[in-house]
Amino acid sequence: RDVLFSVDCSGSMNANMDRLHDMLQHIPTHAGSDNAENVNVAICKYSSETFIPGIDACDDPLPHGYTPWMPLNEMTLAGMMNFAHKYIHARGSTNMKEMIEKGLSALKERRVKQFGNSEGHLQHLVIMTDGVPDYGQTKEMLTATITDGIGNDAVVVSILLLGSHVNLELSEAMTVGTTRGVLAYANKPEDLSSRFDEIIT
């Protein structure tokens with residue numbers, strides 16, 4: 001299966017930057033899990049615009065230790081630290097609609113190229129956010145963007161909510177309400193790893 005982690009780097013996430021770095025560095029703790037060699041991971045960052053390093057064209061070299069769609073069992077703490085240091089900084093707005101469109105498109109492209117466009121190949125879009133999009137991006141708009149973008153494919157959308165000012169209603173609609181994904185809310189730093197692990201499991 002494929003997992004695309006999408007990290008909210010908008011200005012409203014400034015207070016959560018340390019937590020986002022912690023979460024990226026927590027991913028490799030699952031490298032020894034059962035079937036970790038069959039889980040392929042890529043990371044996306046978004047704010048006003050969405051960027052998927054190694055998938056979107058860019059002249060800059062990728063951080064040492066990271067390549068898109070690398071097997072989970074090959075991920076290392078050093079590689080995730082390098083990725084977070086280079087890319088995970090707070091600025092800009094929260095264009096969640098574009099992120100969903102680009103994220104689902106990247107998953108679809110991989111499904112077509114690597115798996116013969118098999119509808120049954122399981123993929124995940126995991127969004128780390130406070131769940132507050134740009135003004136005008138409504139619940140109806142975002143849920144329609146998800147369902148239209150997925151079509152008949154086997155894609156599950158899950159959200160890890162961070163911070164004290166979150167939009168639970170919207171996040172529930174985007175996860176449980178569309179693909180029956182997981183909504184995990186870490187309102188305390190000490191709960192972050194266990195909530196993140198709910199999604200990974």
# chains A, B, ... in the order shown; residues from 1 in each chain; ligands from 1

call {"tool": "select_by_dssp", "arguments": {"residues": "stretch 118-175 of chain A", "states": "strand (DSSP E)", "output": "PyMOL selection string"}}
result
chain A and resi 123-129+155-162

call {"tool": "write_last_selection", "arguments": {"atoms": "all heavy atoms", "output": "mmCIF file, in the first residue's frame"}}
result
data_model
loop_
_atom_site.group_PDB
_atom_site.id
_atom_site.type_symbol
_atom_site.label_atom_id
_atom_site.label_comp_id
_atom_site.auth_asym_id
_atom_site.auth_seq_id
_atom_site.Cartn_x
_atom_site.Cartn_y
_atom_site.Cartn_z
ATOM 1 N N GLN A 123 -4.474 2.759 -0.954
ATOM 2 C CA GLN A 123 -3.664 3.953 -0.753
ATOM 3 C C GLN A 123 -4.278 4.809 0.354
ATOM 4 O O GLN A 123 -5.486 4.759 0.606
ATOM 5 C CB GLN A 123 -3.589 4.770 -2.050
ATOM 6 C CG GLN A 123 -2.890 4.025 -3.189
ATOM 7 C CD GLN A 123 -2.886 4.827 -4.469
ATOM 8 O OE1 GLN A 123 -3.919 5.327 -4.922
ATOM 9 N NE2 GLN A 123 -1.716 4.962 -5.071
ATOM 10 N N HIS A 124 -3.409 5.605 0.994
ATOM 11 C CA HIS A 124 -3.849 6.461 2.094
ATOM 12 C C HIS A 124 -3.332 7.882 1.886
ATOM 13 O O HIS A 124 -2.182 8.077 1.487
ATOM 14 C CB HIS A 124 -3.309 5.951 3.430
ATOM 15 C CG HIS A 124 -3.790 4.591 3.807
ATOM 16 N ND1 HIS A 124 -4.871 4.380 4.620
ATOM 17 C CD2 HIS A 124 -3.333 3.356 3.455
ATOM 18 C CE1 HIS A 124 -5.057 3.075 4.775
ATOM 19 N NE2 HIS A 124 -4.133 2.442 4.073
ATOM 20 N N LEU A 125 -4.184 8.854 2.173
ATOM 21 C CA LEU A 125 -3.781 10.245 2.289
ATOM 22 C C LEU A 125 -3.957 10.624 3.752
ATOM 23 O O LEU A 125 -5.075 10.624 4.268
ATOM 24 C CB LEU A 125 -4.640 11.149 1.396
ATOM 25 C CG LEU A 125 -4.383 12.659 1.503
ATOM 26 C CD1 LEU A 125 -2.959 13.009 1.085
ATOM 27 C CD2 LEU A 125 -5.398 13.441 0.669
ATOM 28 N N VAL A 126 -2.834 10.903 4.435
ATOM 29 C CA VAL A 126 -2.864 11.237 5.857
ATOM 30 C C VAL A 126 -2.490 12.706 6.003
ATOM 31 O O VAL A 126 -1.366 13.108 5.685
ATOM 32 C CB VAL A 126 -1.886 10.351 6.662
ATOM 33 C CG1 VAL A 126 -1.898 10.763 8.139
ATOM 34 C CG2 VAL A 126 -2.247 8.878 6.511
ATOM 35 N N ILE A 127 -3.431 13.517 6.492
ATOM 36 C CA ILE A 127 -3.260 14.969 6.577
ATOM 37 C C ILE A 127 -2.964 15.359 8.022
ATOM 38 O O ILE A 127 -3.703 14.998 8.935
ATOM 39 C CB ILE A 127 -4.521 15.694 6.087
ATOM 40 C CG1 ILE A 127 -4.900 15.214 4.681
ATOM 41 C CG2 ILE A 127 -4.319 17.208 6.106
ATOM 42 C CD1 ILE A 127 -6.276 15.670 4.225
ATOM 43 N N MET A 128 -1.867 16.092 8.235
ATOM 44 C CA MET A 128 -1.529 16.626 9.556
ATOM 45 C C MET A 128 -1.848 18.109 9.547
ATOM 46 O O MET A 128 -1.198 18.884 8.834
ATOM 47 C CB MET A 128 -0.049 16.400 9.860
ATOM 48 C CG MET A 128 0.397 14.957 9.807
ATOM 49 S SD MET A 128 2.167 14.829 10.178
ATOM 50 C CE MET A 128 2.490 13.145 9.679
ATOM 51 N N THR A 129 -2.821 18.539 10.336
ATOM 52 C CA THR A 129 -3.340 19.903 10.215
ATOM 53 C C THR A 129 -4.087 20.311 11.475
ATOM 54 O O THR A 129 -4.375 19.482 12.338
ATOM 55 C CB THR A 129 -4.296 19.980 9.004
ATOM 56 O OG1 THR A 129 -4.780 21.320 8.861
ATOM 57 C CG2 THR A 129 -5.476 19.039 9.150
ATOM 58 N N VAL A 155 -8.923 4.480 -1.810
ATOM 59 C CA VAL A 155 -8.137 5.501 -1.124
ATOM 60 C C VAL A 155 -8.845 5.863 0.177
ATOM 61 O O VAL A 155 -10.048 6.106 0.188
ATOM 62 C CB VAL A 155 -7.954 6.763 -1.989
ATOM 63 C CG1 VAL A 155 -7.134 7.805 -1.237
ATOM 64 C CG2 VAL A 155 -7.295 6.424 -3.321
ATOM 65 N N VAL A 156 -8.087 5.892 1.275
ATOM 66 C CA VAL A 156 -8.623 6.266 2.582
ATOM 67 C C VAL A 156 -7.976 7.566 3.020
ATOM 68 O O VAL A 156 -6.750 7.701 2.979
ATOM 69 C CB VAL A 156 -8.353 5.164 3.632
ATOM 70 C CG1 VAL A 156 -8.872 5.589 5.001
ATOM 71 C CG2 VAL A 156 -8.991 3.854 3.203
ATOM 72 N N VAL A 157 -8.794 8.530 3.433
ATOM 73 C CA VAL A 157 -8.310 9.821 3.914
ATOM 74 C C VAL A 157 -8.420 9.846 5.433
ATOM 75 O O VAL A 157 -9.494 9.601 5.990
ATOM 76 C CB VAL A 157 -9.104 10.991 3.303
ATOM 77 C CG1 VAL A 157 -8.630 12.326 3.884
ATOM 78 C CG2 VAL A 157 -8.982 10.995 1.782
ATOM 79 N N SER A 158 -7.303 10.126 6.098
ATOM 80 C CA SER A 158 -7.281 10.247 7.556
ATOM 81 C C SER A 158 -6.656 11.578 7.935
ATOM 82 O O SER A 158 -5.900 12.168 7.153
ATOM 83 C CB SER A 158 -6.487 9.101 8.195
ATOM 84 O OG SER A 158 -7.082 7.855 7.922
ATOM 85 N N ILE A 159 -6.965 12.057 9.127
ATOM 86 C CA ILE A 159 -6.446 13.342 9.599
ATOM 87 C C ILE A 159 -5.924 13.211 11.022
ATOM 88 O O ILE A 159 -6.583 12.623 11.888
ATOM 89 C CB ILE A 159 -7.531 14.446 9.546
ATOM 90 C CG1 ILE A 159 -7.880 14.781 8.095
ATOM 91 C CG2 ILE A 159 -7.068 15.712 10.281
ATOM 92 C CD1 ILE A 159 -8.967 15.835 7.944
ATOM 93 N N LEU A 160 -4.723 13.753 11.254
ATOM 94 C CA LEU A 160 -4.197 13.955 12.598
ATOM 95 C C LEU A 160 -4.340 15.437 12.904
ATOM 96 O O LEU A 160 -3.676 16.277 12.287
ATOM 97 C CB LEU A 160 -2.737 13.536 12.691
ATOM 98 C CG LEU A 160 -2.049 13.820 14.028
ATOM 99 C CD1 LEU A 160 -2.666 12.976 15.145
ATOM 100 C CD2 LEU A 160 -0.548 13.564 13.957
ATOM 101 N N LEU A 161 -5.225 15.769 13.846
ATOM 102 C CA LEU A 161 -5.458 17.160 14.227
ATOM 103 C C LEU A 161 -4.499 17.574 15.329
ATOM 104 O O LEU A 161 -4.314 16.845 16.308
ATOM 105 C CB LEU A 161 -6.893 17.342 14.726
ATOM 106 C CG LEU A 161 -7.996 17.501 13.679
ATOM 107 C CD1 LEU A 161 -9.357 17.565 14.365
ATOM 108 C CD2 LEU A 161 -7.777 18.751 12.848
ATOM 109 N N LEU A 162 -3.904 18.744 15.182
ATOM 110 C CA LEU A 162 -2.978 19.269 16.172
ATOM 111 C C LEU A 162 -3.429 20.652 16.615
ATOM 112 O O LEU A 162 -3.975 21.417 15.819
ATOM 113 C CB LEU A 162 -1.568 19.360 15.597
ATOM 114 C CG LEU A 162 -0.956 18.073 15.059
ATOM 115 C CD1 LEU A 162 -0.963 18.079 13.554
ATOM 116 C CD2 LEU A 162 0.469 17.925 15.546
#

call {"tool": "residues_around", "arguments": {"residues": "A:Glu98", "least_positions_apart": "4", "cutoff": "8 Å", "atoms": "only C-alpha atoms", "output": "VMD selection string"}}
result
chain A and resid 49 to 50 102

call {"tool": "closest_residue", "arguments": {"among": "A:Ile199, A:Val132, A:Leu62, A:Ala36", "to": "A:Phe5", "atoms": "only C-alpha atoms"}}
result
A:Ile199

call {"tool": "residues_around", "arguments": {"residues": "A:Tyr87", "least_positions_apart": "6", "cutoff": "9 Å", "atoms": "only C-alpha atoms", "output": "list in words"}}
result
Cys9, Lys45 and Pro53 of chain A

call {"tool": "select_by_dssp", "arguments": {"residues": "stretch 98-146 of chain A", "states": "alpha helix (DSSP H)", "output": "list of chain:residue names"}}
result
A:Glu98, A:Met99, A:Ile100, A:Glu101, A:Lys102, A:Gly103, A:Leu104, A:Ser105, A:Ala106, A:Leu107, A:Lys108, A:Glu109, A:Arg110, A:Arg111, A:Val112, A:Lys113, A:Gln114, A:Phe115, A:Lys139, A:Glu140, A:Met141, A:Leu142, A:Thr143, A:Ala144, A:Thr145, A:Ile146

call {"tool": "closest_residue", "arguments": {"among": "A:Cys44, A:Val39, A:Gly54, A:Met81", "to": "A:His21", "atoms": "only C-alpha atoms"}}
result
A:Met81

call {"tool": "residues_around", "arguments": {"residues": "A:Ile100", "least_positions_apart": "6", "cutoff": "9 Å", "atoms": "only C-alpha atoms", "output": "ChimeraX atom specification"}}
result
/A:6,125,142,145-146,149

call {"tool": "closest_residue", "arguments": {"among": "A:Thr29, A:Thr147, A:Ser193, A:Asn117", "to": "A:Thr179", "atoms": "only C-alpha atoms"}}
result
A:Thr147

call {"tool": "residues_around", "arguments": {"residues": "stretch 65-80 of chain A", "least_positions_apart": "6", "cutoff": "10 Å", "atoms": "only C-alpha atoms", "output": "ChimeraX atom specification"}}
result
/A:1-4,21-44,52-55,86,110

call {"tool": "closest_residue", "arguments": {"among": "A:Gly163, A:Ser48, A:Ser118, A:Leu168", "to": "A:Asp18", "atoms": "only C-alpha atoms"}}
result
A:Gly163

call {"tool": "closest_residue", "arguments": {"among": "A:Asp153, A:Glu198, A:Glu140, A:Asp148", "to": "A:Glu119", "atoms": "only C-alpha atoms"}}
result
A:Asp153

call {"tool": "residues_around", "arguments": {"residues": "A:Leu170", "least_positions_apart": "4", "cutoff": "7 Å", "atoms": "only C-alpha atoms", "output": "list in words"}}
result
Gly131, Lys139 and Met174 of chain A

call {"tool": "write_last_selection", "arguments": {"atoms": "N, CA, C and O atoms", "output": "PDB file, in the first residue's frame"}}
result
ATOM      1  N   GLY A 131      -6.938  21.629  10.764  1.00  0.00           N
ATOM      2  CA  GLY A 131      -8.254  21.460  10.170  1.00  0.00           C
ATOM      3  C   GLY A 131      -8.965  22.751   9.839  1.00  0.00           C
ATOM      4  O   GLY A 131     -10.185  22.775   9.709  1.00  0.00           O
ATOM      5  N   LYS A 139     -16.974  22.926   3.922  1.00  0.00           N
ATOM      6  CA  LYS A 139     -17.046  21.481   4.141  1.00  0.00           C
ATOM      7  C   LYS A 139     -17.562  20.780   2.890  1.00  0.00           C
ATOM      8  O   LYS A 139     -17.019  19.735   2.484  1.00  0.00           O
ATOM      9  N   MET A 174     -14.417  15.093   6.415  1.00  0.00           N
ATOM     10  CA  MET A 174     -13.414  14.765   5.405  1.00  0.00           C
ATOM     11  C   MET A 174     -12.857  13.357   5.550  1.00  0.00           C
ATOM     12  O   MET A 174     -12.282  12.817   4.604  1.00  0.00           O
TER      13      MET A 174
END

call {"tool": "residues_around", "arguments": {"residues": "A:Asn14", "least_positions_apart": "4", "cutoff": "8 Å", "atoms": "only C-alpha atoms", "output": "PyMOL selection string"}}
result
chain A and resi 9-10+89-91

call {"tool": "closest_residue", "arguments": {"among": "A:Met17, A:Lys108, A:Pro61, A:Glu101", "to": "A:His85", "atoms": "only C-alpha atoms"}}
result
A:Met17

call {"tool": "atom_distance", "arguments": {"atom1": "atom CA of A:Lys113", "atom2": "atom CA of A:Gly151"}}
result
17.6 Å

call {"tool": "atom_distance", "arguments": {"atom1": "atom CA of A:Arg19", "atom2": "atom CA of A:Ala186"}}
result
10.0 Å

call {"tool": "decode", "arguments": {"residues": "stretch 20-49 of chain A", "atoms": "N, CA, C and O atoms", "output": "PDB file, in the first residue's frame"}}
result
ATOM      1  N   LEU A  20       4.972  18.910  14.422  1.00  0.00           N
ATOM      2  CA  LEU A  20       5.046  18.342  13.074  1.00  0.00           C
ATOM      3  C   LEU A  20       6.406  17.690  12.835  1.00  0.00           C
ATOM      4  O   LEU A  20       6.494  16.602  12.258  1.00  0.00           O
ATOM      5  N   HIS A  21       7.464  18.356  13.289  1.00  0.00           N
ATOM      6  CA  HIS A  21       8.803  17.759  13.184  1.00  0.00           C
ATOM      7  C   HIS A  21       8.860  16.449  13.969  1.00  0.00           C
ATOM      8  O   HIS A  21       9.400  15.444  13.483  1.00  0.00           O
ATOM      9  N   ASP A  22       8.275  16.446  15.167  1.00  0.00           N
ATOM     10  CA  ASP A  22       8.258  15.232  15.981  1.00  0.00           C
ATOM     11  C   ASP A  22       7.532  14.099  15.268  1.00  0.00           C
ATOM     12  O   ASP A  22       7.962  12.940  15.316  1.00  0.00           O
ATOM     13  N   MET A  23       6.418  14.422  14.595  1.00  0.00           N
ATOM     14  CA  MET A  23       5.634  13.391  13.923  1.00  0.00           C
ATOM     15  C   MET A  23       6.382  12.797  12.733  1.00  0.00           C
ATOM     16  O   MET A  23       6.351  11.590  12.516  1.00  0.00           O
ATOM     17  N   LEU A  24       7.056  13.638  11.977  1.00  0.00           N
ATOM     18  CA  LEU A  24       7.843  13.110  10.859  1.00  0.00           C
ATOM     19  C   LEU A  24       8.965  12.208  11.382  1.00  0.00           C
ATOM     20  O   LEU A  24       9.267  11.162  10.794  1.00  0.00           O
ATOM     21  N   GLN A  25       9.551  12.603  12.493  1.00  0.00           N
ATOM     22  CA  GLN A  25      10.634  11.807  13.058  1.00  0.00           C
ATOM     23  C   GLN A  25      10.111  10.550  13.763  1.00  0.00           C
ATOM     24  O   GLN A  25      10.873   9.629  14.052  1.00  0.00           O
ATOM     25  N   HIS A  26       8.808  10.512  14.003  1.00  0.00           N
ATOM     26  CA  HIS A  26       8.190   9.340  14.626  1.00  0.00           C
ATOM     27  C   HIS A  26       7.880   8.251  13.594  1.00  0.00           C
ATOM     28  O   HIS A  26       7.803   7.070  13.949  1.00  0.00           O
ATOM     29  N   ILE A  27       7.719   8.630  12.330  1.00  0.00           N
ATOM     30  CA  ILE A  27       7.367   7.650  11.296  1.00  0.00           C
ATOM     31  C   ILE A  27       8.353   6.477  11.257  1.00  0.00           C
ATOM     32  O   ILE A  27       7.926   5.321  11.199  1.00  0.00           O
ATOM     33  N   PRO A  28       9.668   6.726  11.293  1.00  0.00           N
ATOM     34  CA  PRO A  28      10.603   5.594  11.205  1.00  0.00           C
ATOM     35  C   PRO A  28      10.520   4.603  12.363  1.00  0.00           C
ATOM     36  O   PRO A  28      11.059   3.497  12.248  1.00  0.00           O
ATOM     37  N   THR A  29       9.855   4.965  13.465  1.00  0.00           N
ATOM     38  CA  THR A  29       9.718   3.994  14.553  1.00  0.00           C
ATOM     39  C   THR A  29       8.866   2.805  14.125  1.00  0.00           C
ATOM     40  O   THR A  29       8.857   1.768  14.786  1.00  0.00           O
ATOM     41  N   HIS A  30       8.140   2.957  13.008  1.00  0.00           N
ATOM     42  CA  HIS A  30       7.322   1.863  12.478  1.00  0.00           C
ATOM     43  C   HIS A  30       8.070   1.051  11.424  1.00  0.00           C
ATOM     44  O   HIS A  30       7.487   0.145  10.819  1.00  0.00           O
ATOM     45  N   ALA A  31       9.340   1.360  11.206  1.00  0.00           N
ATOM     46  CA  ALA A  31      10.097   0.680  10.153  1.00  0.00           C
ATOM     47  C   ALA A  31      10.235  -0.817  10.404  1.00  0.00           C
ATOM     48  O   ALA A  31      10.394  -1.594   9.460  1.00  0.00           O
ATOM     49  N   GLY A  32      10.167  -1.226  11.655  1.00  0.00           N
ATOM     50  CA  GLY A  32      10.283  -2.642  11.969  1.00  0.00           C
ATOM     51  C   GLY A  32       8.962  -3.360  12.091  1.00  0.00           C
ATOM     52  O   GLY A  32       8.919  -4.535  12.476  1.00  0.00           O
ATOM     53  N   SER A  33       7.854  -2.677  11.753  1.00  0.00           N
ATOM     54  CA  SER A  33       6.536  -3.284  11.863  1.00  0.00           C
ATOM     55  C   SER A  33       6.349  -4.387  10.823  1.00  0.00           C
ATOM     56  O   SER A  33       7.052  -4.447   9.813  1.00  0.00           O
ATOM     57  N   ASP A  34       5.389  -5.257  11.079  1.00  0.00           N
ATOM     58  CA  ASP A  34       5.062  -6.298  10.111  1.00  0.00           C
ATOM     59  C   ASP A  34       4.683  -5.678   8.781  1.00  0.00           C
ATOM     60  O   ASP A  34       3.920  -4.703   8.733  1.00  0.00           O
ATOM     61  N   ASN A  35       5.201  -6.229   7.704  1.00  0.00           N
ATOM     62  CA  ASN A  35       4.892  -5.779   6.341  1.00  0.00           C
ATOM     63  C   ASN A  35       5.370  -4.368   6.034  1.00  0.00           C
ATOM     64  O   ASN A  35       4.888  -3.747   5.084  1.00  0.00           O
ATOM     65  N   ALA A  36       6.298  -3.836   6.844  1.00  0.00           N
ATOM     66  CA  ALA A  36       6.789  -2.478   6.589  1.00  0.00           C
ATOM     67  C   ALA A  36       7.437  -2.362   5.216  1.00  0.00           C
ATOM     68  O   ALA A  36       7.434  -1.289   4.605  1.00  0.00           O
ATOM     69  N   GLU A  37       7.972  -3.472   4.703  1.00  0.00           N
ATOM     70  CA  GLU A  37       8.591  -3.441   3.379  1.00  0.00           C
ATOM     71  C   GLU A  37       7.557  -3.292   2.265  1.00  0.00           C
ATOM     72  O   GLU A  37       7.896  -2.968   1.125  1.00  0.00           O
ATOM     73  N   ASN A  38       6.269  -3.497   2.602  1.00  0.00           N
ATOM     74  CA  ASN A  38       5.196  -3.383   1.613  1.00  0.00           C
ATOM     75  C   ASN A  38       4.423  -2.077   1.720  1.00  0.00           C
ATOM     76  O   ASN A  38       3.411  -1.895   1.047  1.00  0.00           O
ATOM     77  N   VAL A  39       4.874  -1.186   2.603  1.00  0.00           N
ATOM     78  CA  VAL A  39       4.249   0.132   2.764  1.00  0.00           C
ATOM     79  C   VAL A  39       5.195   1.174   2.187  1.00  0.00           C
ATOM     80  O   VAL A  39       6.339   1.299   2.622  1.00  0.00           O
ATOM     81  N   ASN A  40       4.731   1.916   1.183  1.00  0.00           N
ATOM     82  CA  ASN A  40       5.559   2.911   0.501  1.00  0.00           C
ATOM     83  C   ASN A  40       5.100   4.308   0.905  1.00  0.00           C
ATOM     84  O   ASN A  40       3.909   4.610   0.856  1.00  0.00           O
ATOM     85  N   VAL A  41       6.057   5.163   1.282  1.00  0.00           N
ATOM     86  CA  VAL A  41       5.746   6.440   1.910  1.00  0.00           C
ATOM     87  C   VAL A  41       6.286   7.608   1.092  1.00  0.00           C
ATOM     88  O   VAL A  41       7.420   7.566   0.598  1.00  0.00           O
ATOM     89  N   ALA A  42       5.462   8.645   0.956  1.00  0.00           N
ATOM     90  CA  ALA A  42       5.898   9.920   0.402  1.00  0.00           C
ATOM     91  C   ALA A  42       5.338  11.033   1.284  1.00  0.00           C
ATOM     92  O   ALA A  42       4.355  10.825   2.009  1.00  0.00           O
ATOM     93  N   ILE A  43       5.968  12.209   1.225  1.00  0.00           N
ATOM     94  CA  ILE A  43       5.563  13.327   2.082  1.00  0.00           C
ATOM     95  C   ILE A  43       5.329  14.562   1.234  1.00  0.00           C
ATOM     96  O   ILE A  43       6.123  14.892   0.344  1.00  0.00           O
ATOM     97  N   CYS A  44       4.228  15.232   1.532  1.00  0.00           N
ATOM     98  CA  CYS A  44       3.807  16.451   0.833  1.00  0.00           C
ATOM     99  C   CYS A  44       3.737  17.574   1.861  1.00  0.00           C
ATOM    100  O   CYS A  44       3.426  17.337   3.028  1.00  0.00           O
ATOM    101  N   LYS A  45       4.044  18.800   1.438  1.00  0.00           N
ATOM    102  CA  LYS A  45       3.826  19.954   2.323  1.00  0.00           C
ATOM    103  C   LYS A  45       2.928  20.946   1.602  1.00  0.00           C
ATOM    104  O   LYS A  45       2.976  21.070   0.373  1.00  0.00           O
ATOM    105  N   TYR A  46       2.083  21.616   2.375  1.00  0.00           N
ATOM    106  CA  TYR A  46       1.187  22.576   1.735  1.00  0.00           C
ATOM    107  C   TYR A  46       0.929  23.780   2.628  1.00  0.00           C
ATOM    108  O   TYR A  46       0.977  23.701   3.841  1.00  0.00           O
ATOM    109  N   SER A  47       0.699  24.897   1.978  1.00  0.00           N
ATOM    110  CA  SER A  47       0.223  26.130   2.615  1.00  0.00           C
ATOM    111  C   SER A  47      -0.590  26.851   1.546  1.00  0.00           C
ATOM    112  O   SER A  47      -1.646  26.373   1.154  1.00  0.00           O
ATOM    113  N   SER A  48      -0.084  27.990   1.032  1.00  0.00           N
ATOM    114  CA  SER A  48      -0.766  28.639  -0.077  1.00  0.00           C
ATOM    115  C   SER A  48      -0.705  27.767  -1.334  1.00  0.00           C
ATOM    116  O   SER A  48      -1.615  27.762  -2.160  1.00  0.00           O
ATOM    117  N   GLU A  49       0.417  27.040  -1.476  1.00  0.00           N
ATOM    118  CA  GLU A  49       0.605  26.116  -2.583  1.00  0.00           C
ATOM    119  C   GLU A  49       1.032  24.761  -2.033  1.00  0.00           C
ATOM    120  O   GLU A  49       1.496  24.659  -0.894  1.00  0.00           O
TER     121      GLU A  49
END
